[in-house]
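First the structure, in the form of structure tokens, and then the observations on it.
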Amino acid sequence: MRHLDGLRIIAACAVVVLHYADYVKDHPAGRFMVGHTLHFNLFVDLFFVVSGFVIASQYLGKVEDLSSVGRFIWRRLARIYPLHLATLAFYLAIAAAAYFGLAKTDNPARYPLSDVPAQLLLLHAFDGQRLTFNFPSWSLSAEMFCYLLFPITALLAARRKALVIPLVVLPALANSVYVAATGSESWAEWINQGGIFRALPGFNLGVACYVFRHHIARWPIVPGTLTAGLALFILLGWLLPEMAALVAVYAIAVLAIQHDLSETPTILSRLRFDRASAYTYSCYMLHIPVATVVLTVGARYLAGTPEGKLTLLPVAVAMLAALSILSYRFFETPLRRALNSAFDRQFTPSTEATVPAGSSQGGAR
């Protein structure tokens with residue numbers, strides 16, 4: 001999945017640019033970046049589509065009973081929860097230091113203890129407080145909601161493929177009706193309150209793309225559409241109305257899926273961004289803690305000037321790259337494997353229990 005993997009790391013980097021620009025918005029260059037990268041927040045919705053496609057490709061037809069569903073949910077938690085817990089602990093340590101006067105913070109509202117239970121239970125995309133602790137983690141909560149519903153989606157898809165289509169359309173329609181009825185903000189902006197409902201149409205779109213993958217692979221390829229569409233969205237997406245920009249993100253994801261299914265190379269795949277895709281999650285989860293250390297604490301030693309923060313941006317990016325690699329290789333992967341192995345030892349039936357009487361155990365192995 002060279003195109004999808006490439007898009008994942010590009011999307012993560014775009015989110016980093018969006019958030020780091022906010023740290024230097026007092027500088028003219030920072031203000032320009034903030035004004036022209038707000039649409040980068042919709043790259044999170046690209047994650048949802050990619051996640052739906054990947055999860056369906058790995059687990060569709062394999063979550064048919066309570067045992068397999070439990071194994072699926074555990075494996076998803078083993079992948080996302082350790083780093084979420086580590087970054088939450090980092091900010092709780094800052095909150096404790098500020099409480100005891102060992103550190104100072106310019107934004108104490110970022111560390112409300114009332115939000116900790118929701119953070120621990122991954123419920124903060126349902127009814128959490130906005131922009132608290134490691135705030136990009138809201139999308140993990142939204143994804144977890146999609147994972148919990150996936151066995152039902154898989155069951156419907158197994159009975160009749162066409163049933164997946166309403167699972168894309170109806171949540172998007174329900175979100176739009178709610179916005180029209182209440183006059184609330186666009187559902188493409190939902191984060192800590194309603195973020196789970198924002199994620200559902202994109203995730204189910206990814207599942208639908210996998211279910212109908214054979215049809216998508218036969219669609220005619222228009223050369224240059226994916227690369228040009230991605231480039232235009234990055235450069236000019238800020239001009240689009242928000243819902244139009246969201247549709248553009250969905251279209252980019254589907255085009256990438258089409259190219260991967262048809263094994264059609266593009267400039268995007270030849271640039272081999274996919275080689276860094278393993279570090280997407282690390283980069284996404286660690287970029288705000290790195291900014292806290294480098295762009296907030298570090299900037300204090302440069303008198304907090306906009307120019308000082310601007311000069312620290314390359315330092316933050318370099319530190320983020322290094323920590324992402326280290327986290328993936330020496331923290332996330334070992335923990336994921338250990339947690340999965342522990343689950344399998346506890347809940348997977350021993351093969352020796354099925355050895356027929358009179359058979360040698362050596363032969364059974």
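Scheme for the structure tokens: letters A, B, ... for chains in order shown; per-chain residue numbers from 1; ligand numbers from 1 in order shown.
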
Could you give me, as a ChimeraX atom specification, the residues within 12 Å of Ala158 (chain A), counting only C-alpha atoms and dropping anything in the same chain fewer than 6 positions from it?
-> /A:56,59-64,151-152,164,208,211

Same residues, N, CA, C and O atoms, output as a PDB file, in the first residue's frame:
ATOM      1  N   ALA A  56     -10.125  -3.262   7.745  1.00  0.00           N
ATOM      2  CA  ALA A  56     -10.951  -4.193   6.973  1.00  0.00           C
ATOM      3  C   ALA A  56     -10.091  -5.220   6.253  1.00  0.00           C
ATOM      4  O   ALA A  56     -10.446  -6.411   6.190  1.00  0.00           O
ATOM      5  N   TYR A  59      -8.939  -7.669   9.118  1.00  0.00           N
ATOM      6  CA  TYR A  59      -9.841  -8.324  10.071  1.00  0.00           C
ATOM      7  C   TYR A  59     -11.221  -8.658   9.517  1.00  0.00           C
ATOM      8  O   TYR A  59     -11.994  -9.308  10.212  1.00  0.00           O
ATOM      9  N   LEU A  60     -11.553  -8.216   8.316  1.00  0.00           N
ATOM     10  CA  LEU A  60     -12.859  -8.550   7.774  1.00  0.00           C
ATOM     11  C   LEU A  60     -12.968 -10.068   7.627  1.00  0.00           C
ATOM     12  O   LEU A  60     -12.105 -10.702   7.016  1.00  0.00           O
ATOM     13  N   GLY A  61     -14.010 -10.648   8.198  1.00  0.00           N
ATOM     14  CA  GLY A  61     -14.176 -12.095   8.188  1.00  0.00           C
ATOM     15  C   GLY A  61     -13.460 -12.804   9.312  1.00  0.00           C
ATOM     16  O   GLY A  61     -13.501 -14.037   9.394  1.00  0.00           O
ATOM     17  N   LYS A  62     -12.808 -12.039  10.198  1.00  0.00           N
ATOM     18  CA  LYS A  62     -12.048 -12.644  11.295  1.00  0.00           C
ATOM     19  C   LYS A  62     -12.538 -12.198  12.670  1.00  0.00           C
ATOM     20  O   LYS A  62     -11.894 -12.495  13.667  1.00  0.00           O
ATOM     21  N   VAL A  63     -13.646 -11.465  12.712  1.00  0.00           N
ATOM     22  CA  VAL A  63     -14.216 -11.036  13.999  1.00  0.00           C
ATOM     23  C   VAL A  63     -15.650 -11.549  14.067  1.00  0.00           C
ATOM     24  O   VAL A  63     -16.611 -10.767  14.026  1.00  0.00           O
ATOM     25  N   GLU A  64     -15.778 -12.844  14.199  1.00  0.00           N
ATOM     26  CA  GLU A  64     -17.081 -13.485  14.068  1.00  0.00           C
ATOM     27  C   GLU A  64     -17.635 -14.016  15.385  1.00  0.00           C
ATOM     28  O   GLU A  64     -18.767 -14.488  15.432  1.00  0.00           O
ATOM     29  N   PRO A 151     -16.862  -4.815  14.436  1.00  0.00           N
ATOM     30  CA  PRO A 151     -17.435  -6.167  14.317  1.00  0.00           C
ATOM     31  C   PRO A 151     -18.857  -6.171  13.763  1.00  0.00           C
ATOM     32  O   PRO A 151     -19.230  -7.072  13.010  1.00  0.00           O
ATOM     33  N   ILE A 152     -19.661  -5.163  14.120  1.00  0.00           N
ATOM     34  CA  ILE A 152     -21.015  -5.067  13.573  1.00  0.00           C
ATOM     35  C   ILE A 152     -20.954  -4.758  12.076  1.00  0.00           C
ATOM     36  O   ILE A 152     -21.676  -5.349  11.263  1.00  0.00           O
ATOM     37  N   VAL A 164     -22.811  -1.806   3.488  1.00  0.00           N
ATOM     38  CA  VAL A 164     -21.729  -0.941   3.951  1.00  0.00           C
ATOM     39  C   VAL A 164     -21.945   0.496   3.487  1.00  0.00           C
ATOM     40  O   VAL A 164     -21.539   1.441   4.170  1.00  0.00           O
ATOM     41  N   ALA A 208     -15.651   0.408   3.236  1.00  0.00           N
ATOM     42  CA  ALA A 208     -16.385   0.216   1.987  1.00  0.00           C
ATOM     43  C   ALA A 208     -15.430   0.076   0.802  1.00  0.00           C
ATOM     44  O   ALA A 208     -15.660  -0.734  -0.108  1.00  0.00           O
ATOM     45  N   VAL A 211     -14.252  -3.439   0.852  1.00  0.00           N
ATOM     46  CA  VAL A 211     -15.311  -4.372   0.463  1.00  0.00           C
ATOM     47  C   VAL A 211     -15.511  -4.369  -1.049  1.00  0.00           C
ATOM     48  O   VAL A 211     -15.708  -5.425  -1.672  1.00  0.00           O
TER      49      VAL A 211
END

Sort by chain and increasing residue number a table of all residues of region 234-340 of chain A within 9 Å of region 29-48 of chain A, each with its closest pair of atoms and their distance in Å to one decimal, counting only C-alpha atoms, and write it as CSV.
residue,atom,partner,partner_atom,distance
A:Ile234,CA,A:Phe40,CA,7.5
A:Leu235,CA,A:His36,CA,7.9
A:Leu236,CA,A:His36,CA,7.9
A:Gly237,CA,A:His39,CA,6.2
A:Trp238,CA,A:His39,CA,5.5
A:Leu239,CA,A:His36,CA,8.5
A:Leu240,CA,A:His39,CA,8.5
A:Glu242,CA,A:His39,CA,7.5
A:Ala245,CA,A:His39,CA,7.3
A:Leu246,CA,A:Leu42,CA,6.3
A:Val249,CA,A:Leu46,CA,6.1
A:Tyr250,CA,A:Leu46,CA,6.6
A:Ile252,CA,A:Leu46,CA,8.2
A:Ala253,CA,A:Leu46,CA,6.3
A:Pro306,CA,A:Gly30,CA,8.7
A:Leu310,CA,A:Gly30,CA,8.2

Write to file, as a PDB file, in the first residue's frame, the residues of the selection just made, with C-alpha atoms.
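Heads up, here's the output in again_29.pdb:
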ATOM      1  CA  ILE A 234      -2.019  21.352   0.378  1.00  0.00           C
ATOM      2  CA  LEU A 235      -1.422  24.671  -1.367  1.00  0.00           C
ATOM      3  CA  LEU A 236      -4.955  25.970  -1.944  1.00  0.00           C
ATOM      4  CA  GLY A 237      -7.198  23.964   0.356  1.00  0.00           C
ATOM      5  CA  TRP A 238      -7.511  26.956   2.678  1.00  0.00           C
ATOM      6  CA  LEU A 239      -9.686  28.595   0.007  1.00  0.00           C
ATOM      7  CA  LEU A 240     -12.296  25.831   0.139  1.00  0.00           C
ATOM      8  CA  GLU A 242     -14.721  23.324   5.175  1.00  0.00           C
ATOM      9  CA  ALA A 245     -12.280  20.461   1.836  1.00  0.00           C
ATOM     10  CA  LEU A 246     -13.400  17.362   3.751  1.00  0.00           C
ATOM     11  CA  VAL A 249      -9.650  14.718   1.575  1.00  0.00           C
ATOM     12  CA  TYR A 250     -11.976  11.731   1.162  1.00  0.00           C
ATOM     13  CA  ILE A 252      -7.634  11.909  -2.198  1.00  0.00           C
ATOM     14  CA  ALA A 253      -7.815   8.860   0.059  1.00  0.00           C
ATOM     15  CA  PRO A 306       8.855  35.309  18.096  1.00  0.00           C
ATOM     16  CA  LEU A 310      11.207  30.539  14.949  1.00  0.00           C
TER      17      LEU A 310
END

Which residues of region 92-131 of chain A sit at most 7 Å from region 183-207 of chain A, using only C-alpha atoms? Give each one's shortest atom pair and distance in Å (one decimal place), in chain and ascending residue order, as JSON lines.
{"residue": "A:His124", "atom": "CA", "partner": "A:Asn192", "partner_atom": "CA", "distance": 5.6}
{"residue": "A:Ala125", "atom": "CA", "partner": "A:Asn192", "partner_atom": "CA", "distance": 4.1}
{"residue": "A:Phe126", "atom": "CA", "partner": "A:Gln193", "partner_atom": "CA", "distance": 5.1}
{"residue": "A:Asp127", "atom": "CA", "partner": "A:Gln193", "partner_atom": "CA", "distance": 4.8}
{"residue": "A:Gly128", "atom": "CA", "partner": "A:Asn192", "partner_atom": "CA", "distance": 4.9}
{"residue": "A:Gln129", "atom": "CA", "partner": "A:Asn192", "partner_atom": "CA", "distance": 6.1}
{"residue": "A:Arg130", "atom": "CA", "partner": "A:Asn192", "partner_atom": "CA", "distance": 5.5}

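Of the residues under consideration (A:Ala318, A:Val222, A:Leu149, A:Leu7), A:Leu7 shows the shortest atom-to-atom contact distance to Val49 (chain A) when counting only C-alpha atoms.
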
Please provide as a list of chain:residue names all residues within 7 Å of region 332-346 of chain A, with the sequence filter that same-chain residues fewer than 2 positions apart are discarded (counting only C-alpha atoms).
->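 Counting only the stated atoms, we get A:Arg75, A:Ala78, A:Arg79, A:Pro82, A:Leu83, A:Ser327, A:Tyr328, A:Arg329, A:Phe330, A:Thr348.
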
Residues at most 10 Å from Leu4 (chain A), counting only C-alpha atoms, excluding those fewer than 2 positions away in the same chain, as a VMD selection string?
-> chain A and resid 1 to 2 6 to 10 46 to 47 49 to 51 53 to 54 252 to 260 268 to 269 273 to 274 277

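Near Pro108 (chain A), within 9 Å and counting only C-alpha atoms, sit Ala95, Ala98, Lys104, Thr105, Tyr111 and Pro112 of chain A; same-chain residues fewer than 3 positions away were not included.
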
Could you turn the residues from that selection into a file that holds all heavy atoms, as a PDB file, in the first residue's frame?
ATOM      1  N   ALA A  95       1.591  19.006  35.187  1.00  0.00           N
ATOM      2  CA  ALA A  95       0.516  19.557  36.028  1.00  0.00           C
ATOM      3  C   ALA A  95       0.876  19.461  37.505  1.00  0.00           C
ATOM      4  O   ALA A  95       0.645  20.402  38.278  1.00  0.00           O
ATOM      5  CB  ALA A  95      -0.787  18.808  35.745  1.00  0.00           C
ATOM      6  N   ALA A  98       3.545  22.021  38.333  1.00  0.00           N
ATOM      7  CA  ALA A  98       2.959  23.366  38.425  1.00  0.00           C
ATOM      8  C   ALA A  98       2.168  23.528  39.720  1.00  0.00           C
ATOM      9  O   ALA A  98       2.209  24.587  40.363  1.00  0.00           O
ATOM     10  CB  ALA A  98       2.064  23.623  37.218  1.00  0.00           C
ATOM     11  N   LYS A 104       6.217  26.518  36.119  1.00  0.00           N
ATOM     12  CA  LYS A 104       5.138  27.459  35.835  1.00  0.00           C
ATOM     13  C   LYS A 104       4.549  27.146  34.469  1.00  0.00           C
ATOM     14  O   LYS A 104       5.217  26.608  33.589  1.00  0.00           O
ATOM     15  CB  LYS A 104       5.651  28.901  35.862  1.00  0.00           C
ATOM     16  CG  LYS A 104       6.664  29.249  34.773  1.00  0.00           C
ATOM     17  CD  LYS A 104       7.024  30.724  34.849  1.00  0.00           C
ATOM     18  CE  LYS A 104       8.000  31.094  33.731  1.00  0.00           C
ATOM     19  NZ  LYS A 104       8.313  32.548  33.737  1.00  0.00           N
ATOM     20  N   THR A 105       3.279  27.452  34.334  1.00  0.00           N
ATOM     21  CA  THR A 105       2.602  27.217  33.066  1.00  0.00           C
ATOM     22  C   THR A 105       1.782  28.439  32.700  1.00  0.00           C
ATOM     23  O   THR A 105       1.188  29.090  33.565  1.00  0.00           O
ATOM     24  CB  THR A 105       1.703  25.972  33.138  1.00  0.00           C
ATOM     25  OG1 THR A 105       0.957  25.862  31.923  1.00  0.00           O
ATOM     26  CG2 THR A 105       0.720  26.052  34.310  1.00  0.00           C
ATOM     27  N   TYR A 111      -4.649  21.474  31.928  1.00  0.00           N
ATOM     28  CA  TYR A 111      -4.412  20.287  32.749  1.00  0.00           C
ATOM     29  C   TYR A 111      -5.526  20.061  33.768  1.00  0.00           C
ATOM     30  O   TYR A 111      -5.275  19.938  34.964  1.00  0.00           O
ATOM     31  CB  TYR A 111      -3.065  20.436  33.477  1.00  0.00           C
ATOM     32  CG  TYR A 111      -1.941  20.890  32.586  1.00  0.00           C
ATOM     33  CD1 TYR A 111      -1.427  22.187  32.679  1.00  0.00           C
ATOM     34  CD2 TYR A 111      -1.395  20.031  31.646  1.00  0.00           C
ATOM     35  CE1 TYR A 111      -0.385  22.604  31.861  1.00  0.00           C
ATOM     36  CE2 TYR A 111      -0.359  20.442  30.815  1.00  0.00           C
ATOM     37  CZ  TYR A 111       0.129  21.727  30.925  1.00  0.00           C
ATOM     38  OH  TYR A 111       1.147  22.128  30.105  1.00  0.00           O
ATOM     39  N   PRO A 112      -6.771  19.966  33.345  1.00  0.00           N
ATOM     40  CA  PRO A 112      -7.859  19.763  34.310  1.00  0.00           C
ATOM     41  C   PRO A 112      -7.929  18.299  34.758  1.00  0.00           C
ATOM     42  O   PRO A 112      -8.036  17.390  33.929  1.00  0.00           O
ATOM     43  CB  PRO A 112      -9.104  20.149  33.509  1.00  0.00           C
ATOM     44  CG  PRO A 112      -8.747  19.819  32.093  1.00  0.00           C
ATOM     45  CD  PRO A 112      -7.269  20.084  31.970  1.00  0.00           C
TER      46      PRO A 112
END

Using only C-alpha atoms, which of the listed residues (A:Tyr281, A:Leu123, A:Asp115, A:His3) sits closest to Thr227 (chain A)?
->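 The answer is A:His3, which sits nearest to Thr227 (chain A).
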
From A:Leu88, A:Ala21, A:Cys13, A:Ala97, residue lying nearest Leu295 (chain A) [only C-alpha atoms] = A:Ala21
